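Engineer: See final-v5.cif below, with mmCIF, C-alpha atoms.
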data_my_file
loop_
_atom_site.label_atom_id
_atom_site.label_comp_id
_atom_site.auth_asym_id
_atom_site.auth_seq_id
_atom_site.Cartn_x
_atom_site.Cartn_y
_atom_site.Cartn_z
CA MET W 1420 11.36 219.54 96.74
CA SER W 1421 14.70 221.16 96.22
CA ALA W 1422 17.80 219.05 96.51
CA GLY W 1423 18.94 221.13 99.43
CA GLU W 1424 15.80 220.51 101.48
CA ASN W 1425 15.79 216.82 100.88
CA ASP W 1426 19.48 216.07 101.16
CA GLY W 1427 19.61 215.66 104.91
CA PHE W 1428 16.80 213.14 104.88
CA SER W 1429 17.90 210.99 101.95
CA ASP W 1430 21.57 211.15 102.93
CA ARG W 1431 20.66 209.81 106.33
CA ILE W 1432 18.43 207.10 104.90
CA ASN W 1433 21.13 206.02 102.49
CA GLY W 1434 23.65 205.95 105.29
CA ILE W 1435 21.37 203.79 107.40
CA LYS W 1436 20.60 201.45 104.53
CA SER W 1437 24.30 200.98 103.81
CA THR W 1438 24.90 199.63 107.29
CA LEU W 1439 22.29 196.87 107.11
CA ARG W 1440 23.47 193.42 106.26
CA VAL W 1441 21.76 190.37 104.84
CA VAL W 1442 22.54 186.99 106.35
CA PRO W 1443 21.42 184.12 104.11
CA ASP W 1444 19.82 180.95 105.40
CA PHE W 1445 19.02 182.30 108.83
CA PRO W 1446 17.14 181.20 110.89
CA LYS W 1447 16.60 178.44 108.34
CA PRO W 1448 17.56 177.64 104.74
CA GLY W 1449 15.98 179.87 102.13
CA ILE W 1450 15.46 182.85 104.41
CA LEU W 1451 17.45 186.03 103.86
CA PHE W 1452 17.71 187.60 107.29
CA LEU W 1453 17.92 191.37 107.51
CA ASP W 1454 20.33 192.12 110.31
CA ILE W 1455 20.19 195.50 112.06
CA THR W 1456 23.03 194.82 114.49
CA THR W 1457 25.49 196.29 112.01
CA LEU W 1458 23.47 199.51 112.10
CA LEU W 1459 23.97 199.64 115.86
CA LEU W 1460 27.73 199.43 115.33
CA ASP W 1461 27.69 202.72 113.43
CA PRO W 1462 27.02 205.51 115.95
CA LYS W 1463 26.13 208.06 113.29
CA ALA W 1464 23.71 205.76 111.47
CA PHE W 1465 22.14 204.69 114.76
CA ARG W 1466 21.80 208.31 115.83
CA ASP W 1467 20.23 209.19 112.46
CA THR W 1468 17.76 206.31 112.77
CA ILE W 1469 16.52 207.56 116.12
CA ASP W 1470 16.50 211.19 114.97
CA LEU W 1471 14.36 210.39 111.93
CA PHE W 1472 11.72 208.76 114.11
CA VAL W 1473 11.90 211.51 116.73
CA GLU W 1474 11.50 214.24 114.12
CA ARG W 1475 8.37 212.53 112.87
CA TYR W 1476 6.74 211.91 116.24
CA LYS W 1477 7.83 214.64 118.63
CA GLN W 1478 4.88 216.95 117.88
CA LYS W 1479 2.25 214.26 117.82
CA ASN W 1480 1.33 214.12 121.54
CA ILE W 1481 2.52 210.57 121.88
CA SER W 1482 2.75 209.44 125.48
CA VAL W 1483 3.52 205.74 124.93
CA VAL W 1484 6.20 204.03 122.88
CA ALA W 1485 5.64 200.27 122.87
CA GLY W 1486 8.60 198.18 121.76
CA ILE W 1487 8.42 194.55 120.70
CA GLU W 1488 10.86 192.13 122.26
CA ALA W 1489 13.74 192.02 121.68
CA ARG W 1490 14.93 194.20 118.78
CA GLY W 1491 12.15 196.72 119.38
CA PHE W 1492 13.87 197.32 122.72
CA MET W 1493 16.95 198.59 120.89
CA PHE W 1494 15.08 201.43 119.19
CA GLY W 1495 11.97 202.16 121.25
CA PRO W 1496 13.52 203.48 124.48
CA ALA W 1497 15.71 206.06 122.75
CA ILE W 1498 12.69 207.36 120.83
CA ALA W 1499 10.59 207.42 124.02
CA LEU W 1500 13.26 209.34 125.92
CA ALA W 1501 13.60 211.94 123.17
CA ILE W 1502 9.87 212.61 122.88
CA GLY W 1503 9.16 212.42 126.61
CA ALA W 1504 6.98 209.32 126.38
CA LYS W 1505 6.95 206.23 128.55
CA PHE W 1506 8.42 203.01 127.19
CA VAL W 1507 6.30 199.86 127.39
CA PRO W 1508 7.97 196.54 126.57
CA LEU W 1509 5.80 194.00 124.79
CA ARG W 1510 7.17 190.58 125.61
CA LYS W 1511 7.04 186.88 124.91
CA PRO W 1512 5.03 184.89 127.45
CA LYS W 1513 6.12 184.66 131.09
CA LYS W 1514 8.83 187.30 130.89
CA LEU W 1515 6.88 190.16 132.45
CA PRO W 1516 6.36 189.79 136.19
CA GLY W 1517 3.00 190.58 137.73
CA GLU W 1518 -0.31 190.98 135.97
CA VAL W 1519 -0.36 190.94 132.17
CA ILE W 1520 -2.75 190.82 129.26
CA SER W 1521 -1.93 188.45 126.40
CA GLU W 1522 -2.62 188.45 122.69
CA LYS W 1523 -2.21 185.37 120.56
CA TYR W 1524 -1.18 185.64 116.96
CA ILE W 1525 -0.64 183.28 114.07
CA LEU W 1526 2.72 182.22 112.71
CA GLU W 1527 3.48 180.32 109.55
CA TYR W 1528 3.31 177.19 111.68
CA GLY W 1529 1.41 177.47 114.93
CA THR W 1530 0.81 180.48 117.13
CA ASP W 1531 2.73 182.81 119.40
CA CYS W 1532 1.77 185.20 122.12
CA LEU W 1533 2.66 188.76 123.12
CA GLU W 1534 2.11 190.21 126.61
CA MET W 1535 1.80 193.69 128.13
CA HIS W 1536 1.58 194.74 131.76
CA VAL W 1537 -1.84 195.58 133.14
CA GLY W 1538 -1.83 199.26 133.99
CA ALA W 1539 1.09 200.19 131.75
CA VAL W 1540 -1.11 202.34 129.54
CA GLN W 1541 -4.21 204.36 130.35
CA PRO W 1542 -7.31 204.73 128.19
CA GLY W 1543 -6.94 207.57 125.74
CA GLU W 1544 -3.17 207.56 125.61
CA ARG W 1545 -1.63 207.94 122.17
CA ALA W 1546 0.85 205.21 121.30
CA LEU W 1547 3.54 204.27 118.84
CA VAL W 1548 4.54 200.65 118.20
CA VAL W 1549 8.22 200.13 117.35
CA ASP W 1550 10.03 197.10 115.99
CA ASP W 1551 13.16 196.68 113.89
CA LEU W 1552 11.40 195.05 110.97
CA VAL W 1553 7.91 194.37 109.62
CA ALA W 1554 7.35 191.20 107.62
CA THR W 1555 3.84 189.72 107.68
CA GLY W 1556 2.67 192.27 110.25
CA GLY W 1557 1.38 189.59 112.61
CA THR W 1558 3.41 190.74 115.59
CA LEU W 1559 2.58 194.41 115.02
CA CYS W 1560 -1.13 193.59 114.85
CA ALA W 1561 -0.91 191.66 118.12
CA ALA W 1562 0.87 194.66 119.65
CA MET W 1563 -1.81 197.05 118.45
CA ASN W 1564 -4.52 194.80 119.83
CA LEU W 1565 -2.90 194.80 123.25
CA LEU W 1566 -2.70 198.57 123.31
CA GLU W 1567 -6.23 199.03 122.05
CA ARG W 1568 -7.62 196.56 124.55
CA ALA W 1569 -6.12 198.78 127.24
CA GLY W 1570 -7.88 201.77 125.68
CA ALA W 1571 -4.90 203.41 124.01
CA VAL W 1572 -5.02 204.87 120.52
CA VAL W 1573 -2.32 203.56 118.21
CA VAL W 1574 -1.11 206.49 116.12
CA GLU W 1575 1.33 204.57 113.92
CA CYS W 1576 3.64 201.58 113.71
CA ALA W 1577 7.28 202.41 113.05
CA CYS W 1578 9.98 200.07 111.82
CA VAL W 1579 13.48 200.48 110.45
CA ILE W 1580 12.93 197.98 107.61
CA GLU W 1581 9.96 196.64 105.67
CA VAL W 1582 9.90 193.40 103.72
CA PRO W 1583 7.28 194.36 101.15
CA ASP W 1584 6.61 190.95 99.66
CA LEU W 1585 5.21 189.72 102.96
CA LYS W 1586 2.45 192.33 102.84
CA GLY W 1587 2.73 193.62 106.36
CA ARG W 1588 1.66 197.07 105.24
CA GLU W 1589 -1.58 195.66 103.81
CA ARG W 1590 -2.25 193.80 107.01
CA LEU W 1591 -1.85 196.96 109.05
CA LYS W 1592 -4.10 198.82 106.64
CA MET W 1593 -6.78 196.21 107.31
CA HIS W 1594 -6.33 196.98 110.98
CA GLY W 1595 -6.76 200.63 110.06
CA LYS W 1596 -3.32 201.83 111.07
CA PRO W 1597 -0.50 203.41 109.11
CA LEU W 1598 3.03 202.07 108.91
CA TYR W 1599 6.18 204.16 108.67
CA VAL W 1600 9.51 202.62 107.69
CA LEU W 1601 12.90 204.08 106.93
CA VAL W 1602 14.18 201.43 104.56
CA GLU W 1603 12.26 199.27 102.20
CA SER W 1604 14.15 196.04 101.68
CA MET W 1605 15.54 195.49 98.24
CA PHE W 1606 15.67 191.76 98.77
CA ASP W 1607 13.12 189.02 98.51
CA ALA W 1608 12.28 187.35 101.76
CA THR W 1609 12.67 183.91 100.25
CA THR W 1610 14.85 182.60 97.48
CA SER W 1611 12.98 182.30 94.23
CA MET O 176 17.80 185.65 151.35
CA ASP O 177 16.08 187.03 154.44
CA SER O 178 12.57 185.85 155.23
CA LEU O 179 9.53 187.83 154.23
CA LYS O 180 6.48 189.00 156.08
CA ILE O 181 3.42 189.88 154.12
CA PHE O 182 1.23 192.43 155.87
CA ASN O 183 -1.49 192.54 153.32
CA SER O 184 -1.85 191.47 149.74
CA ASP O 185 -0.17 194.63 148.50
CA VAL O 186 2.90 194.92 150.66
CA VAL O 187 6.02 192.89 151.05
CA ILE O 188 8.66 193.71 153.66
CA MET O 189 12.28 192.82 153.36
CA LYS O 190 14.58 192.75 156.32
CA SER O 191 17.32 194.67 154.64
CA HIS O 192 17.48 196.95 151.68
CA THR O 193 20.27 199.43 151.16
CA PHE O 194 21.22 202.16 148.75
CA LEU O 195 24.66 202.56 147.41
CA TYR O 196 25.59 206.21 147.08
CA ASN O 197 29.09 207.44 146.27
CA GLY O 198 30.41 204.09 147.36
CA ASN O 199 28.77 204.23 150.77
CA PHE O 200 25.85 202.17 151.94
CA VAL O 201 22.90 203.95 153.44
CA ASN O 202 19.97 202.19 155.03
CA SER O 203 16.63 203.41 153.92
CA LEU O 204 13.90 200.94 153.34
CA LYS O 205 11.29 201.77 150.85
CA LEU O 206 9.22 199.36 148.83
CA LEU O 207 6.54 199.84 146.27
CA ALA O 208 3.34 197.89 146.47
CA PRO O 209 3.04 195.74 143.36
CA SER O 210 0.84 198.20 141.54
CA PHE O 211 1.63 200.66 138.83
CA PRO O 212 2.69 204.25 139.40
CA SER O 213 -0.60 205.42 137.97
CA THR O 214 -2.28 204.17 141.12
CA CYS O 215 0.18 205.85 143.44
CA THR O 216 1.03 209.47 143.66
CA LYS O 217 4.64 210.28 143.10
CA LYS O 218 6.09 212.83 145.43
CA PRO O 219 9.65 213.87 146.01
CA PRO O 220 11.10 213.07 149.42
CA THR O 221 9.86 215.38 152.14
CA SER O 222 13.05 215.10 154.11
CA ALA O 223 16.37 216.49 153.06
CA SER O 224 18.66 214.26 151.14
CA THR O 225 20.97 211.98 153.05
CA ALA O 226 23.89 213.64 151.34
CA ARG O 227 23.58 216.43 153.80
CA GLY O 228 23.97 214.04 156.65
CA GLY O 229 21.22 215.38 158.83
CA THR O 230 18.19 213.50 157.72
CA THR O 231 16.27 210.58 159.06
CA GLY O 232 15.49 209.23 155.67
CA ARG O 233 13.21 209.50 152.75
CA HIS O 234 9.55 209.70 153.60
CA PHE O 235 7.22 209.02 150.76
CA GLN O 236 3.64 209.92 151.46
CA PRO O 237 1.71 207.67 149.06
CA SER O 238 0.17 204.80 150.89
CA SER O 239 1.58 202.31 148.49
CA HIS O 240 5.11 203.34 149.44
CA ILE O 241 6.29 202.14 152.83
CA ASP O 242 9.26 203.75 154.47
CA LEU O 243 10.49 201.13 156.86
CA LYS O 244 13.79 202.18 158.31
CA PRO O 245 15.26 205.59 158.81
CA SER O 246 18.34 206.24 156.87
CA CYS O 247 21.60 206.32 158.76
CA SER O 248 23.95 207.80 156.30
CA SER O 249 27.53 206.74 156.61
CA HIS O 250 28.93 209.17 154.14
CA MET O 251 30.21 212.66 154.39
CA ALA O 252 28.34 215.84 153.64
CA ALA O 253 28.41 216.39 149.92
CA PRO O 254 28.45 219.44 147.70
CA THR O 255 25.26 220.59 145.97
CA SER O 256 25.78 218.57 142.78
CA ASP O 257 25.63 215.36 144.76
CA GLY O 258 22.28 216.47 146.09
CA LEU O 259 21.06 216.44 142.52
CA ILE O 260 22.36 212.90 142.06
CA ASP O 261 20.69 211.92 145.31
CA ASP O 262 17.31 213.29 144.26
CA ARG O 263 17.49 211.45 141.00
CA ILE O 264 18.47 208.19 142.68
CA ALA O 265 15.55 208.61 145.06
CA ARG O 266 13.10 208.99 142.22
CA ILE O 267 14.61 206.06 140.34
CA THR O 268 14.47 203.86 143.42
CA SER O 269 10.86 204.69 144.09
CA ALA O 270 9.96 203.85 140.51
CA ILE O 271 11.19 200.28 140.76
CA ARG O 272 8.65 197.78 141.96
CA VAL O 273 9.10 194.46 143.70
CA ILE O 274 7.07 191.47 142.61
CA PRO O 275 7.04 188.58 145.08
CA ASP O 276 7.25 184.96 143.98
CA PHE O 277 8.44 185.65 140.46
CA PRO O 278 9.66 183.76 138.52
CA LYS O 279 9.19 181.24 141.32
CA PRO O 280 8.11 181.17 145.00
CA GLY O 281 10.48 182.87 147.41
CA ILE O 282 12.05 185.16 144.85
CA LEU O 283 11.47 188.93 145.08
CA PHE O 284 11.70 190.17 141.52
CA GLN O 285 12.99 193.71 140.99
CA ASP O 286 10.86 195.06 138.15
CA ILE O 287 12.30 197.99 136.21
CA THR O 288 9.36 198.27 133.82
CA THR O 289 7.70 200.73 136.17
CA LEU O 290 10.83 202.88 135.94
CA LEU O 291 10.38 202.98 132.16
CA LEU O 292 6.85 204.31 132.67
CA ASP O 293 8.23 207.41 134.39
CA PRO O 294 9.90 209.48 131.66
CA VAL O 295 11.73 211.68 134.17
CA ALA O 296 13.09 208.76 136.16
CA PHE O 297 14.06 206.86 133.01
CA LYS O 298 15.86 209.90 131.65
CA ASP O 299 17.60 210.40 134.99
CA THR O 300 18.77 206.78 134.90
CA ILE O 301 20.36 207.24 131.51
CA ASP O 302 21.78 210.65 132.43
CA LEU O 303 23.49 209.27 135.52
CA PHE O 304 25.29 206.66 133.46
CA VAL O 305 26.11 209.08 130.66
CA GLU O 306 27.57 211.63 133.08
CA ARG O 307 29.81 208.94 134.46
CA TYR O 308 31.05 207.54 131.15
CA LYS O 309 31.02 210.30 128.57
CA ASP O 310 34.63 211.36 129.06
CA LYS O 311 36.05 207.90 129.44
CA ASN O 312 36.80 207.14 125.77
CA ILE O 313 34.36 204.29 125.67
CA SER O 314 33.64 203.09 122.15
CA VAL O 315 31.53 200.01 122.96
CA VAL O 316 28.42 199.61 125.08
CA ALA O 317 27.53 195.91 125.34
CA GLY O 318 24.01 195.18 126.59
CA VAL O 319 22.84 191.82 127.88
CA GLU O 320 19.57 190.45 126.50
CA ALA O 321 16.89 191.54 126.97
CA ARG O 322 16.63 194.28 129.60
CA GLY O 323 20.17 195.40 128.88
CA PHE O 324 18.81 196.32 125.44
CA ILE O 325 16.57 198.91 127.06
CA PHE O 326 19.31 200.83 128.89
CA GLY O 327 22.36 200.20 126.73
CA PRO O 328 21.38 201.87 123.44
CA PRO O 329 20.39 205.26 124.91
CA ILE O 330 23.69 205.34 126.80
CA ALA O 331 25.63 204.35 123.66
CA LEU O 332 23.87 207.02 121.60
CA ALA O 333 24.60 209.72 124.16
CA ILE O 334 28.31 208.92 124.47
CA GLY O 335 28.85 208.23 120.77
CA ALA O 336 29.66 204.55 121.22
CA LYS O 337 28.47 201.55 119.28
CA PHE O 338 25.90 199.24 120.84
CA VAL O 339 26.64 195.51 120.87
CA PRO O 340 23.86 193.13 121.89
CA MET O 341 24.88 190.06 123.89
CA ARG O 342 22.23 187.44 123.17
CA LYS O 343 20.91 184.05 124.12
CA PRO O 344 21.99 181.26 121.75
CA ASN O 345 20.79 181.17 118.15
CA LYS O 346 19.38 184.69 118.11
CA LEU O 347 22.25 186.49 116.39
CA PRO O 348 22.56 185.71 112.68
CA GLY O 349 25.96 185.02 111.20
CA ALA O 350 29.23 184.15 112.89
CA VAL O 351 29.25 184.44 116.67
CA ILE O 352 31.44 183.61 119.64
CA SER O 353 29.83 182.00 122.69
CA GLU O 354 30.54 181.88 126.37
CA GLU O 355 28.97 179.34 128.67
CA TYR O 356 28.25 180.13 132.29
CA SER O 357 26.83 178.32 135.31
CA LEU O 358 23.32 178.64 136.61
CA GLU O 359 22.01 177.32 139.89
CA TYR O 360 21.06 174.19 137.94
CA GLY O 361 22.87 173.64 134.68
CA THR O 362 24.46 176.16 132.33
CA ASP O 363 23.47 178.88 129.91
CA LYS O 364 25.24 180.65 127.08
CA ILE O 365 25.53 184.13 125.70
CA GLU O 366 26.76 185.10 122.25
CA MET O 367 28.31 188.09 120.53
CA HIS O 368 28.87 188.73 116.85
CA VAL O 369 32.32 188.10 115.42
CA GLY O 370 33.68 191.46 114.29
CA ALA O 371 31.36 193.56 116.42
CA VAL O 372 34.27 194.85 118.45
CA GLN O 373 37.95 195.42 117.70
CA GLU O 374 40.99 194.67 119.77
CA GLY O 375 41.87 197.60 122.00
CA GLU O 376 38.41 199.10 122.19
CA ARG O 377 37.16 200.22 125.60
CA ALA O 378 33.82 198.77 126.65
CA LEU O 379 31.04 199.07 129.15
CA VAL O 380 28.76 196.13 129.98
CA ILE O 381 25.16 197.03 130.83
CA ASP O 382 22.30 195.07 132.35
CA ASP O 383 19.29 196.10 134.39
CA LEU O 384 20.32 194.10 137.45
CA ILE O 385 23.25 192.12 138.83
CA ALA O 386 22.44 189.12 141.00
CA THR O 387 25.04 186.33 141.11
CA GLY O 388 27.12 188.02 138.42
CA GLY O 389 27.22 184.95 136.20
CA THR O 390 25.83 186.65 133.11
CA LEU O 391 28.01 189.73 133.46
CA CYS O 392 31.03 187.55 134.00
CA ALA O 393 30.28 185.71 130.75
CA ALA O 394 29.83 189.03 128.95
CA ILE O 395 33.19 190.28 130.24
CA SER O 396 34.84 187.07 129.04
CA LEU O 397 33.39 187.41 125.56
CA LEU O 398 34.77 190.91 125.21
CA GLU O 399 38.17 190.13 126.70
CA ARG O 400 38.59 187.10 124.48
CA VAL O 401 38.70 189.43 121.49
CA GLY O 402 41.06 191.90 123.12
CA VAL O 403 38.60 194.50 124.35
CA LYS O 404 39.20 196.29 127.62
CA VAL O 405 36.14 196.18 129.85
CA VAL O 406 36.25 199.46 131.74
CA GLU O 407 33.27 198.85 134.01
CA CYS O 408 30.00 196.98 134.44
CA ALA O 409 26.96 199.15 135.04
CA CYS O 410 23.55 198.10 136.33
CA VAL O 411 20.53 199.91 137.64
CA ILE O 412 20.12 197.48 140.56
CA GLU O 413 22.43 195.27 142.59
CA LEU O 414 21.36 192.46 144.91
CA PRO O 415 24.36 192.61 147.23
CA GLU O 416 23.51 189.49 149.19
CA LEU O 417 24.12 187.43 146.04
CA LYS O 418 27.70 188.74 145.89
CA GLY O 419 27.82 189.30 142.15
CA ARG O 420 30.28 192.13 142.63
CA GLU O 421 32.93 189.63 143.67
CA ARG O 422 32.40 187.52 140.60
CA LEU O 423 33.49 190.09 138.05
CA GLY O 424 37.14 189.13 137.94
CA GLY O 425 38.22 192.37 139.49
CA LYS O 426 36.24 194.54 137.11
CA PRO O 427 34.57 197.49 138.79
CA LEU O 428 30.81 197.61 139.11
CA TYR O 429 28.68 200.74 139.24
CA VAL O 430 25.04 200.57 140.30
CA LEU O 431 22.40 203.15 141.08
CA VAL O 432 20.29 201.18 143.56
CA SER O 433 21.49 198.50 145.90
#
Can the structure from this file be put into structure tokens for me?
Structural biologist:
Amino acid sequence: MSAGENDGFSDRINGIKSTLRVVPDFPKPGILFLDITTLLLDPKAFRDTIDLFVERYKQKNISVVAGIEARGFMFGPAIALAIGAKFVPLRKPKKLPGEVISEKYILEYGTDCLEMHVGAVQPGERALVVDDLVATGGTLCAAMNLLERAGAVVVECACVIEVPDLKGRERLKMHGKPLYVLVESMFDATTS
Amino acid sequence: MDSLKIFNSDVVIMKSHTFLYNGNFVNSLKLLAPSFPSTCTKKPPTSASTARGGTTGRHFQPSSHIDLKPSCSSHMAAPTSDGLIDDRIARITSAIRVIPDFPKPGILFQDITTLLLDPVAFKDTIDLFVERYKDKNISVVAGVEARGFIFGPPIALAIGAKFVPMRKPNKLPGAVISEEYSLEYGTDKIEMHVGAVQEGERALVIDDLIATGGTLCAAISLLERVGVKVVECACVIELPELKGRERLGGKPLYVLVS
């Protein structure tokens, strides 16, 4: 690829990456937390983030963008609006009113649960799952299960950042779905 | 709140439900059955918009929409562009569904998730806010967790402002400032990152709905404590009987549906 063709893409990625910040020992000692809120403070970087996803998905007949609470809500709606898809929030238990379906998933200690509204998606719809970050991939897998149980086809999972050491990409591959990220973290998830 | 009558398992009637349009209240009662738009047909109003002053209200044909009271518009005839606003507000309003007894008995929950399932109505929602704020030199859009995160970022992106999430305690990493506020029983807290905003910036505060105004009031305080000017609060829905508008310390409030 010529430098000219690629410049727009890598310039934007580098700009986005430069806005991310690492907060050590959050939420607990030993964890390096990748914070996207500083990206949201940079209108150009935030715009570029959305544009990069939109450019990838706008021709793919996607009618559903599912965003995972809460940081998936910061990126998913803007993508949905730009590609003309509906936005479906996937939420922690008891937040969605009315009838829901639930999917349990495993955490390091214990389990958690993700919910989606009954009727939000129709069988055969093509869906994207959006979150800010993929670590182990547990939440994304739960999200895909919810969509697939409702008969939707998950086209891809999209995140701003990937933490490669936690093997989320492998976990999604086992589920049979691709993962697209803009920034691969340069940091270990735990202190060595 | 006024008492409810339930006609059948799918319909809930409220005694009063008004729209706020151009600062005037119009009475047109329309409720969605608690089912998703995919089970109801969406049709534009068959009657002329109330902006033209000559209509008896918005009649929606689908059986899951009930038009309960004719509109008696109290505002003046408007130019054509307001008709466009009116049509968009009508579609937005019809896309919101009411869920009874959530999160607890006696509460009628205004659910915006059905609005998000209608790409035209969702886009119209954002456009209405963007049209209002794009020339107002706003550099900060602050959104209240979690449904404020759905509306705030698209508005921020469109007007070139930064987006600042206001979160429940212990969600934001790093240094934060907190503001406590009263609930019916007890208190709650919202937090904002230190350094997210600068003194002198002009800000908008966004949430999906204003009820008592407690959360918005706390959000305003957080921003003002660091020297930001809160230009306006903006919500999709207002519950006027809960008088949140009066709790904003004199800050103006703009809503689409009331």
Engineer: Given all atoms listed in the file, how would the per-residue table for chain O near chain W read, listing every residue at most 6 Å away with its closest atom pair and distance in Å to one decimal, sorted by chain and number, as a tab-separated table?
Structural biologist:
residue	atom	partner	partner_atom	distance
O:Leu291	CA	W:Phe1506	CA	5.3
O:Leu292	CA	W:Lys1505	CA	4.5
O:Pro294	CA	W:Lys1505	CA	5.4
O:Phe324	CA	W:Met1493	CA	5.4
O:Ile325	CA	W:Phe1492	CA	5.4
O:Pro329	CA	W:Ala1497	CA	5.2
O:Gly335	CA	W:Pro1462	CA	5.8
O:Ala336	CA	W:Pro1462	CA	6.0
O:Lys337	CA	W:Leu1460	CA	4.5
O:Phe338	CA	W:Leu1459	CA	5.4
Engineer: Take the PyMOL selection byres ((chain O and resi 355-360) around 12), apply it to the structure above, and return the hits as a list in words.
Structural biologist: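 What the PyMOL selection byres ((chain O and resi 355-360) around 12) grabs from the file is Arg342, Lys343, Pro344, Ile352, Ser353, Glu354, Gly361, Thr362, Asp363, Lys364, Ile365, Glu366, Met367, Ala386, Thr387, Gly388, Gly389, Thr390, Leu391, Cys392, Ala393, Ala394, Ile395, Ser396, Leu397 and Arg422 of chain O.
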Engineer: Those same residues, written as a PDB file, in the coordinates of the input with C-alpha atoms?
Structural biologist:
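The resulting file, selection03.pdb, is reproduced below:
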ATOM      1  CA  ARG O 342      22.230 187.440 123.170  1.00  0.00           C
ATOM      2  CA  LYS O 343      20.910 184.050 124.120  1.00  0.00           C
ATOM      3  CA  PRO O 344      21.990 181.260 121.750  1.00  0.00           C
ATOM      4  CA  ILE O 352      31.440 183.610 119.640  1.00  0.00           C
ATOM      5  CA  SER O 353      29.830 182.000 122.690  1.00  0.00           C
ATOM      6  CA  GLU O 354      30.540 181.880 126.370  1.00  0.00           C
ATOM      7  CA  GLY O 361      22.870 173.640 134.680  1.00  0.00           C
ATOM      8  CA  THR O 362      24.460 176.160 132.330  1.00  0.00           C
ATOM      9  CA  ASP O 363      23.470 178.880 129.910  1.00  0.00           C
ATOM     10  CA  LYS O 364      25.240 180.650 127.080  1.00  0.00           C
ATOM     11  CA  ILE O 365      25.530 184.130 125.700  1.00  0.00           C
ATOM     12  CA  GLU O 366      26.760 185.100 122.250  1.00  0.00           C
ATOM     13  CA  MET O 367      28.310 188.090 120.530  1.00  0.00           C
ATOM     14  CA  ALA O 386      22.440 189.120 141.000  1.00  0.00           C
ATOM     15  CA  THR O 387      25.040 186.330 141.110  1.00  0.00           C
ATOM     16  CA  GLY O 388      27.120 188.020 138.420  1.00  0.00           C
ATOM     17  CA  GLY O 389      27.220 184.950 136.200  1.00  0.00           C
ATOM     18  CA  THR O 390      25.830 186.650 133.110  1.00  0.00           C
ATOM     19  CA  LEU O 391      28.010 189.730 133.460  1.00  0.00           C
ATOM     20  CA  CYS O 392      31.030 187.550 134.000  1.00  0.00           C
ATOM     21  CA  ALA O 393      30.280 185.710 130.750  1.00  0.00           C
ATOM     22  CA  ALA O 394      29.830 189.030 128.950  1.00  0.00           C
ATOM     23  CA  ILE O 395      33.190 190.280 130.240  1.00  0.00           C
ATOM     24  CA  SER O 396      34.840 187.070 129.040  1.00  0.00           C
ATOM     25  CA  LEU O 397      33.390 187.410 125.560  1.00  0.00           C
ATOM     26  CA  ARG O 422      32.400 187.520 140.600  1.00  0.00           C
TER      27      ARG O 422
END
Engineer: Using the chain letters and numbers from this file, what does the PyMOL selection byres ((chain W and resi 1533) around 12) select? Give the answer as an MDAnalysis selection string.
Structural biologist: chainID W and resid 1485:1489 1508:1515 1519:1525 1530:1532 1534:1536 1557:1566
Engineer: In Å to one decimal, how far is atom CA of Glu413 of chain O from atom CA of Ile264 of chain O?
Structural biologist: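 Atom-to-atom, atom CA of Ile264 of chain O and atom CA of Glu413 of chain O are spaced 13.5 Å apart.
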Engineer: What lies within 10 Å of Ala296 of chain O using only C-alpha atoms, ignoring chain neighbours under 5 positions off, as a tab-separated table (two decimals) with C-alpha atoms, keeping the file's coordinate frame?
Structural biologist:
chain	number	residue	atom	x	y	z
O	263	ARG	CA	17.49	211.45	141.00
O	264	ILE	CA	18.47	208.19	142.68
O	265	ALA	CA	15.55	208.61	145.06
O	266	ARG	CA	13.10	208.99	142.22
O	267	ILE	CA	14.61	206.06	140.34
O	268	THR	CA	14.47	203.86	143.42
O	269	SER	CA	10.86	204.69	144.09
O	270	ALA	CA	9.96	203.85	140.51
O	271	ILE	CA	11.19	200.28	140.76
O	289	THR	CA	7.70	200.73	136.17
O	290	LEU	CA	10.83	202.88	135.94
O	291	LEU	CA	10.38	202.98	132.16
O	301	ILE	CA	20.36	207.24	131.51
O	302	ASP	CA	21.78	210.65	132.43
